[in-house]
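Asker: Contents of final-v2.cif (mmCIF, C-alpha atoms (C1' of nucleotides)) are below:
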data_query
loop_
_atom_site.label_atom_id
_atom_site.label_comp_id
_atom_site.auth_asym_id
_atom_site.auth_seq_id
_atom_site.Cartn_x
_atom_site.Cartn_y
_atom_site.Cartn_z
CA MET A 238 -8.20 14.84 31.16
CA GLU A 239 -6.26 13.52 28.20
CA LYS A 240 -2.53 13.36 28.09
CA PRO A 241 -1.00 16.61 26.79
CA LEU A 242 -0.05 17.08 23.19
CA SER A 243 3.52 16.18 22.53
CA GLY A 244 6.13 18.49 21.10
CA ARG A 245 5.56 21.82 19.54
CA GLY A 246 2.35 22.88 21.24
CA LEU A 247 -0.35 24.93 19.61
CA ASP A 248 1.61 25.96 16.55
CA ALA A 249 1.64 22.35 15.36
CA LEU A 250 -2.16 22.50 15.10
CA ALA A 251 -3.06 23.97 11.74
CA PRO A 252 -6.52 25.55 11.39
CA LEU A 253 -9.06 23.69 9.29
CA GLU A 254 -9.68 25.28 5.92
CA ARG A 255 -12.78 27.26 5.09
CA GLY A 256 -14.07 24.51 2.85
CA PHE A 257 -14.60 22.32 5.90
CA TYR A 258 -17.22 24.75 7.22
CA GLN A 259 -18.92 25.51 3.93
CA ARG A 260 -20.49 22.05 3.65
CA GLY A 261 -23.82 20.83 4.99
CA THR A 262 -24.39 21.86 8.59
CA THR A 263 -25.17 18.42 9.97
CA THR A 264 -22.06 17.04 8.26
CA VAL A 265 -19.93 19.78 9.77
CA ALA A 266 -21.50 19.18 13.17
CA ARG A 267 -20.76 15.45 13.03
CA GLU A 268 -17.19 16.04 11.87
CA LEU A 269 -16.45 18.67 14.49
CA LEU A 270 -16.66 15.92 17.10
CA GLY A 271 -13.16 14.91 18.14
CA LYS A 272 -11.58 18.02 16.63
CA LEU A 273 -9.55 20.39 18.77
CA LEU A 274 -10.69 23.89 19.61
CA VAL A 275 -7.52 25.88 20.12
CA ARG A 276 -7.21 29.20 21.94
CA ARG A 277 -4.25 31.47 22.40
CA LEU A 278 -4.51 33.51 25.59
CA PRO A 279 -2.18 35.80 27.55
CA ASP A 280 -2.12 33.25 30.36
CA GLY A 281 -1.26 30.36 28.05
CA GLY A 282 -2.42 28.19 25.20
CA ILE A 283 -5.50 26.01 25.46
CA ALA A 284 -6.70 23.10 23.38
CA VAL A 285 -9.89 21.15 24.05
CA ARG A 286 -11.44 18.21 22.26
CA ILE A 287 -14.99 18.87 21.10
CA THR A 288 -17.39 16.24 22.45
CA GLU A 289 -20.85 17.71 21.99
CA VAL A 290 -22.40 19.93 19.32
CA GLU A 291 -25.80 20.89 17.93
CA ALA A 292 -26.73 21.86 14.38
CA TYR A 293 -29.01 24.84 13.73
CA LEU A 294 -30.45 24.79 10.26
CA GLY A 295 -31.17 28.41 9.52
CA VAL A 296 -34.33 29.85 8.04
CA GLY A 297 -36.25 26.56 8.11
CA ASP A 298 -35.40 25.70 11.70
CA PRO A 299 -37.74 27.08 14.38
CA ALA A 300 -34.99 26.69 16.97
CA ALA A 301 -32.46 28.78 15.04
CA HIS A 302 -31.91 32.47 15.63
CA THR A 303 -32.34 32.99 11.89
CA TYR A 304 -35.68 31.17 11.57
CA ARG A 305 -37.83 32.55 8.75
CA GLY A 306 -35.07 34.84 7.62
CA ARG A 307 -34.75 36.82 10.81
CA ARG A 308 -31.74 39.07 10.44
CA THR A 309 -30.65 41.35 13.27
CA ASN A 310 -27.48 42.91 14.64
CA ARG A 311 -27.10 39.96 16.96
CA ASN A 312 -27.26 37.20 14.35
CA GLU A 313 -25.58 39.07 11.52
CA VAL A 314 -22.51 36.82 11.70
CA MET A 315 -24.65 33.77 10.91
CA TRP A 316 -25.47 35.32 7.54
CA GLY A 317 -21.80 35.53 6.62
CA ASP A 318 -19.48 32.94 5.17
CA GLY A 319 -18.75 29.64 6.93
CA GLY A 320 -15.73 29.42 9.20
CA HIS A 321 -16.54 32.34 11.47
CA LEU A 322 -17.52 32.34 15.13
CA TYR A 323 -20.99 33.44 16.27
CA VAL A 324 -21.01 34.39 19.94
CA TYR A 325 -24.16 35.54 21.68
CA PHE A 326 -25.13 36.42 25.23
CA THR A 327 -28.07 34.71 26.92
CA TYR A 328 -29.91 34.39 30.23
CA GLY A 329 -28.40 37.69 31.29
CA MET A 330 -25.09 36.10 32.22
CA HIS A 331 -23.84 33.46 29.78
CA TYR A 332 -22.09 33.37 26.44
CA CYS A 333 -22.58 30.60 23.90
CA CYS A 334 -20.49 30.10 20.79
CA ASN A 335 -21.38 28.67 17.41
CA VAL A 336 -19.38 27.87 14.31
CA VAL A 337 -20.98 29.38 11.21
CA THR A 338 -21.45 26.94 8.33
CA ARG A 339 -22.41 27.03 4.63
CA LEU A 340 -21.89 30.03 2.35
CA GLU A 341 -22.64 33.69 2.75
CA GLY A 342 -26.40 34.24 2.78
CA VAL A 343 -27.19 30.79 4.23
CA PRO A 344 -27.45 31.45 7.99
CA GLU A 345 -26.72 28.09 9.58
CA ALA A 346 -24.40 27.22 12.47
CA VAL A 347 -23.20 24.57 14.89
CA LEU A 348 -23.42 25.27 18.62
CA LEU A 349 -20.41 24.03 20.59
CA ARG A 350 -21.88 22.46 23.71
CA GLY A 351 -19.13 20.51 25.37
CA ALA A 352 -15.46 19.53 25.35
CA VAL A 353 -12.69 17.99 27.40
CA ALA A 354 -9.38 19.68 28.15
CA VAL A 355 -6.35 18.46 26.24
CA GLU A 356 -3.82 21.25 26.70
CA GLY A 357 -3.74 24.11 29.20
CA GLY A 358 -5.95 22.42 31.76
CA PRO A 359 -4.82 24.60 34.68
CA VAL A 360 -5.61 27.76 32.71
CA ILE A 361 -9.12 26.49 32.04
CA VAL A 362 -9.66 25.46 35.65
CA ALA A 363 -8.54 28.89 36.82
CA ARG A 364 -10.95 30.59 34.41
CA ARG A 365 -13.76 28.35 35.64
CA GLY A 366 -13.14 29.48 39.18
CA GLY A 367 -11.08 26.49 40.27
CA LYS A 368 -13.77 23.93 39.50
CA ALA A 369 -11.94 20.98 37.98
CA GLY A 370 -13.37 17.59 37.09
CA ARG A 371 -15.62 16.13 34.44
CA HIS A 372 -18.03 19.07 34.54
CA LEU A 373 -15.30 21.53 33.60
CA LEU A 374 -16.51 22.15 30.03
CA ASP A 375 -19.76 20.16 29.79
CA GLY A 376 -22.04 23.02 28.76
CA PRO A 377 -21.97 25.75 26.14
CA ALA A 378 -21.54 28.63 28.58
CA LYS A 379 -18.96 26.70 30.59
CA LEU A 380 -17.00 26.12 27.40
CA CYS A 381 -17.01 29.83 26.63
CA LYS A 382 -16.02 30.81 30.13
CA GLY A 383 -13.25 28.24 30.37
CA MET A 384 -11.79 29.31 27.05
CA GLY A 385 -12.17 33.03 27.52
CA ILE A 386 -14.67 33.37 24.67
CA ASP A 387 -16.89 36.43 24.83
CA ARG A 388 -18.53 39.01 22.60
CA THR A 389 -15.16 40.34 21.44
CA LEU A 390 -14.71 37.11 19.46
CA ASN A 391 -18.06 37.39 17.70
CA GLY A 392 -17.30 37.20 13.99
CA ALA A 393 -13.75 35.91 14.48
CA ASP A 394 -12.33 34.02 11.50
CA LEU A 395 -11.50 30.44 12.51
CA THR A 396 -9.29 29.78 9.50
CA LEU A 397 -6.52 32.22 10.44
CA GLY A 398 -5.01 30.47 13.46
CA ASP A 399 -4.51 33.65 15.46
CA GLU A 400 -6.72 33.86 18.56
CA LEU A 401 -9.05 30.90 18.16
CA TRP A 402 -9.30 28.10 15.65
CA VAL A 403 -10.30 24.48 15.08
CA ALA A 404 -7.70 21.86 14.23
CA SER A 405 -7.48 18.12 13.77
CA ASP A 406 -4.90 15.96 15.48
CA GLY A 407 -5.92 13.00 13.35
CA LEU A 408 -8.36 11.41 15.78
CA GLU A 409 -11.13 9.60 13.94
CA CYS A 410 -14.45 9.07 15.65
CA PRO A 411 -16.01 5.70 14.83
CA ARG A 412 -19.72 5.84 14.20
CA ALA A 413 -20.31 3.75 17.30
CA TRP A 414 -18.82 6.49 19.48
CA VAL A 415 -21.28 9.07 18.24
CA ARG A 416 -24.82 9.42 19.48
CA ARG A 417 -27.51 11.52 17.80
CA LEU A 418 -30.00 13.04 20.20
CA PRO A 419 -32.64 15.77 20.28
CA ARG A 420 -31.38 19.26 20.97
CA VAL A 421 -31.35 20.89 24.36
CA GLY A 422 -33.26 23.90 25.63
CA VAL A 423 -35.32 24.48 22.51
CA GLY A 424 -38.70 23.29 23.70
CA TYR A 425 -40.20 26.49 22.31
CA ALA A 426 -39.40 25.21 18.79
CA GLY A 427 -42.31 22.79 18.58
CA GLY A 428 -41.62 19.61 16.61
CA ALA A 429 -38.17 20.84 15.69
CA ALA A 430 -37.15 20.33 19.31
CA GLU A 431 -37.22 16.62 18.54
CA TRP A 432 -34.99 16.75 15.49
CA PRO A 433 -31.87 14.64 16.20
CA LEU A 434 -29.39 17.42 15.54
CA ARG A 435 -27.34 17.02 18.69
CA PHE A 436 -24.17 14.98 18.31
CA VAL A 437 -22.38 13.56 21.33
CA LEU A 438 -18.98 11.89 21.23
CA ASP A 439 -18.41 9.23 23.84
CA LEU A 440 -14.64 9.17 24.31
CA ASP A 441 -14.96 6.28 26.74
CA GLY A 442 -16.36 4.16 23.94
CA PRO A 443 -19.81 2.82 23.09
CA ALA A 444 -19.77 0.32 25.94
CA SER A 445 -20.12 3.12 28.41
CA SER A 446 -23.57 3.25 29.92
CA ARG A 447 -23.04 6.64 31.43
CA ARG A 448 -25.89 9.08 30.91
CA VAL A 449 -25.66 12.15 28.78
CA SER A 450 -26.95 15.29 30.40
CA ARG A 451 -30.47 16.08 29.24
CA ARG A 452 -30.12 19.85 29.48
"C1'" DG B 83 -31.31 13.50 40.11
"C1'" DA B 84 -34.87 17.25 40.40
"C1'" DC B 85 -35.90 21.80 41.14
"C1'" DC B 86 -35.31 26.66 40.88
"C1'" DA B 87 -33.44 31.48 41.30
"C1'" DG B 88 -30.65 34.43 39.06
"C1'" DA B 89 -29.65 38.95 35.62
"C1'" DT B 90 -29.91 41.38 31.49
"C1'" DG B 91 -29.52 41.59 26.39
"C1'" DT B 92 -32.47 41.04 22.58
"C1'" DA B 93 -36.55 40.89 19.79
"C1'" DC B 94 -40.86 42.33 19.16
"C1'" DT B 95 -45.30 45.00 20.30
"C1'" DG C 49 -42.81 48.22 27.68
"C1'" DT C 50 -42.61 43.25 28.05
"C1'" DA C 51 -41.53 38.48 27.49
"C1'" DC C 52 -38.19 35.32 27.15
"C1'" DA C 53 -33.72 33.24 26.18
"C1'" DT C 54 -29.16 27.43 22.20
"C1'" DC C 55 -27.86 28.16 30.81
"C1'" DT C 56 -25.46 27.46 35.30
"C1'" DG C 57 -24.80 26.65 40.10
"C1'" DG C 58 -26.71 25.88 44.47
"C1'" DT C 59 -29.90 23.46 47.32
"C1'" DC C 60 -32.72 19.77 48.62
"C1'" DT C 61 -34.02 14.95 48.32
#
Represent the supplied structure as structure tokens.
Answerer:
Amino acid sequence: MEKPLSGRGLDALAPLERGFYQRGTTTVARELLGKLLVRRLPDGGIAVRITEVEAYLGVGDPAAHTYRGRRTNRNEVMWGDGGHLYVYFTYGMHYCCNVVTRLEGVPEAVLLRGAVAVEGGPVIVARRGGKAGRHLLDGPAKLCKGMGIDRTLNGADLTLGDELWVASDGLECPRAWVRRLPRVGVGYAGGAAEWPLRFVLDLDGPASSRRVSRR
DNA sequence: GACCAGATGTACT
DNA sequence: GTACATCTGGTCT
């Protein structure tokens, strides 16, 4: 776990503006690495540093929920303006959260797959059932559980800074810290499963030989 | 690390 | 009605 933020806590972390999200999805995905996902909860404030994301490129992407223009109640948020949260339920027991990108009518998003705790570690550990350690937030459903993200946040506006938002604390991620890999769990998507749309930030630096989970 | 059961919402026939 | 999902945690090796 990183050292805690100094000083004023969550209120010093201003939400990114909508323009950040309205750009190209792979650009947004890459630039989300190293940013802070901030959550205000009754049991305390939480901030985590985003370390793993995946881009989903809308109607032309067989792995995306909006492939070929599919538009349903579930994915309606993806069709809206960038800067909103798309939360869906899967495998009968897990939530996953995405950040919607581009403009209204262009249904693309970035799946948040992993993070490390920066602020509010004990709150996260408690929400994860007391399981601390490096696997605390290393999966999309773990991230949602640890941060108290569920269906009630589907469609939330990330630019307001009320319940949940994304902020920068100025950390820059050198290219050498970022790896581009195929996406996870989308084998059904044919060739698109191989597209290198997964971005992983190695906070230990490029020298680290540690493996990235393949799931 | 590899393997697999689990539980139910969602999309589609 | 049915097939399957942007996964996790436990067990076994």
Asker: With 9 Å as the cut-off and all atoms listed in the file counted, what is the closest atom pair between each nearby residue of chain A and chain C? Distances in Å to one decimal, ordered by chain and number, as JSON lines.
Answerer:
{"residue": "A:Glu291", "atom": "CA", "partner": "C:DT54", "partner_atom": "C1'", "distance": 8.5}
{"residue": "A:Tyr293", "atom": "CA", "partner": "C:DT54", "partner_atom": "C1'", "distance": 8.9}
{"residue": "A:Ala300", "atom": "CA", "partner": "C:DT54", "partner_atom": "C1'", "distance": 7.9}
{"residue": "A:Ala301", "atom": "CA", "partner": "C:DT54", "partner_atom": "C1'", "distance": 8.0}
{"residue": "A:His302", "atom": "CA", "partner": "C:DT54", "partner_atom": "C1'", "distance": 8.7}
{"residue": "A:Thr327", "atom": "CA", "partner": "C:DA53", "partner_atom": "C1'", "distance": 5.9}
{"residue": "A:Tyr328", "atom": "CA", "partner": "C:DA53", "partner_atom": "C1'", "distance": 5.7}
{"residue": "A:Gly329", "atom": "CA", "partner": "C:DA53", "partner_atom": "C1'", "distance": 8.6}
{"residue": "A:Met330", "atom": "CA", "partner": "C:DC55", "partner_atom": "C1'", "distance": 8.5}
{"residue": "A:His331", "atom": "CA", "partner": "C:DC55", "partner_atom": "C1'", "distance": 6.7}
{"residue": "A:Tyr332", "atom": "CA", "partner": "C:DC55", "partner_atom": "C1'", "distance": 8.9}
{"residue": "A:Cys333", "atom": "CA", "partner": "C:DT54", "partner_atom": "C1'", "distance": 7.5}
{"residue": "A:Leu348", "atom": "CA", "partner": "C:DT54", "partner_atom": "C1'", "distance": 7.1}
{"residue": "A:Arg350", "atom": "CA", "partner": "C:DT54", "partner_atom": "C1'", "distance": 8.9}
{"residue": "A:Gly376", "atom": "CA", "partner": "C:DC55", "partner_atom": "C1'", "distance": 8.0}
{"residue": "A:Pro377", "atom": "CA", "partner": "C:DC55", "partner_atom": "C1'", "distance": 7.9}
{"residue": "A:Ala378", "atom": "CA", "partner": "C:DC55", "partner_atom": "C1'", "distance": 6.7}
{"residue": "A:Lys379", "atom": "CA", "partner": "C:DT56", "partner_atom": "C1'", "distance": 8.1}
{"residue": "A:Arg420", "atom": "CA", "partner": "C:DT54", "partner_atom": "C1'", "distance": 8.6}
{"residue": "A:Val421", "atom": "CA", "partner": "C:DT54", "partner_atom": "C1'", "distance": 7.2}
{"residue": "A:Gly422", "atom": "CA", "partner": "C:DT54", "partner_atom": "C1'", "distance": 6.4}
{"residue": "A:Val423", "atom": "CA", "partner": "C:DT54", "partner_atom": "C1'", "distance": 6.8}
{"residue": "A:Arg452", "atom": "CA", "partner": "C:DC55", "partner_atom": "C1'", "distance": 8.7}
Asker: Please determine the contact residues of chain B with respect to chain A at a cut-off of 7 Å, counting only C-alpha atoms (C1' of nucleotides), and supply them as a list of chain:residue names.
Answerer: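 Residues satisfying the distance criterion: B:DA89, B:DT90, B:DG91.
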Asker: Would you compute the distance between atom CA of A:Arg417 and atom CA of A:Arg435? Give it in Å to one decimal.
Answerer: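 Computing it gives 5.6 Å between the two atoms.
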Asker: Please provide as a compact mmCIF listing (two decimals) with C-alpha atoms, keeping the file's coordinate frame all residues within 6 Å of stretch 318-320 of chain A, with the sequence filter that same-chain residues fewer than 3 positions apart are discarded (counting all atoms listed in the file).
Answerer:
# COMPACT_ATOMS: atom_id res chain seq x y z
CA ARG A 255 -12.78 27.26 5.09
CA TYR A 258 -17.22 24.75 7.22
CA GLN A 259 -18.92 25.51 3.93
CA VAL A 337 -20.98 29.38 11.21
CA THR A 338 -21.45 26.94 8.33
CA ARG A 339 -22.41 27.03 4.63
CA LEU A 340 -21.89 30.03 2.35
CA GLU A 341 -22.64 33.69 2.75
CA LEU A 395 -11.50 30.44 12.51
Asker: Report as a PyMOL selection string all protein, DNA and RNA residues lying within 8 Å of A:Glu289, evaluated on all atoms listed in the file, omitting residues in the same chain fewer than 3 positions from it.
Answerer: chain A and resi 270+349-352+435-438
Asker: Kindly give the distance, in Å, that separates atom CA of A:Arg364 and atom CA of A:Tyr323, rounded to a single decimal.
Answerer: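 For atom CA of A:Arg364 relative to atom CA of A:Tyr323, the distance reads 20.9 Å.
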Asker: So the first atom is atom CA of A:Ala363 and the second is atom CA of A:Asp280; what is the distance between them in Å, to one decimal place?
Answerer: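 Separation between atom CA of A:Ala363 and atom CA of A:Asp280: 10.1 Å.
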Asker: Using all atoms listed in the file, what residues lie at most 6 Å away from (-5.3, 24.4, 12.6) (file coordinates), given as a PyMOL selection string?
Answerer: chain A and resi 250-253+403-404
Asker: For the residues selected in the previous step, produce a file with C-alpha atoms as a CSV table (one decimal), keeping the file's coordinate frame.
Answerer:
chain,number,residue,atom,x,y,z
A,250,LEU,CA,-2.2,22.5,15.1
A,251,ALA,CA,-3.1,24.0,11.7
A,252,PRO,CA,-6.5,25.6,11.4
A,253,LEU,CA,-9.1,23.7,9.3
A,403,VAL,CA,-10.3,24.5,15.1
A,404,ALA,CA,-7.7,21.9,14.2
Asker: Edge lengths and centre, in Å to one decimal, as JSON: that's what I need for the box along x, y and z that holds all listed atoms of chain C plus 3 Å on each side.
Answerer:
{"center_x": -33.8, "center_y": 31.6, "center_z": 35.4, "size_x": 24.0, "size_y": 39.3, "size_z": 32.4}
Asker: May I ask which of the residues A:Gly256, A:Leu294, A:Arg307, A:Lys272 is the closest one to B:DC94, counting only C-alpha atoms (C1' of nucleotides)?
Answerer: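 Using only C-alpha atoms (C1' of nucleotides), the shortest distance to B:DC94 belongs to A:Arg307.
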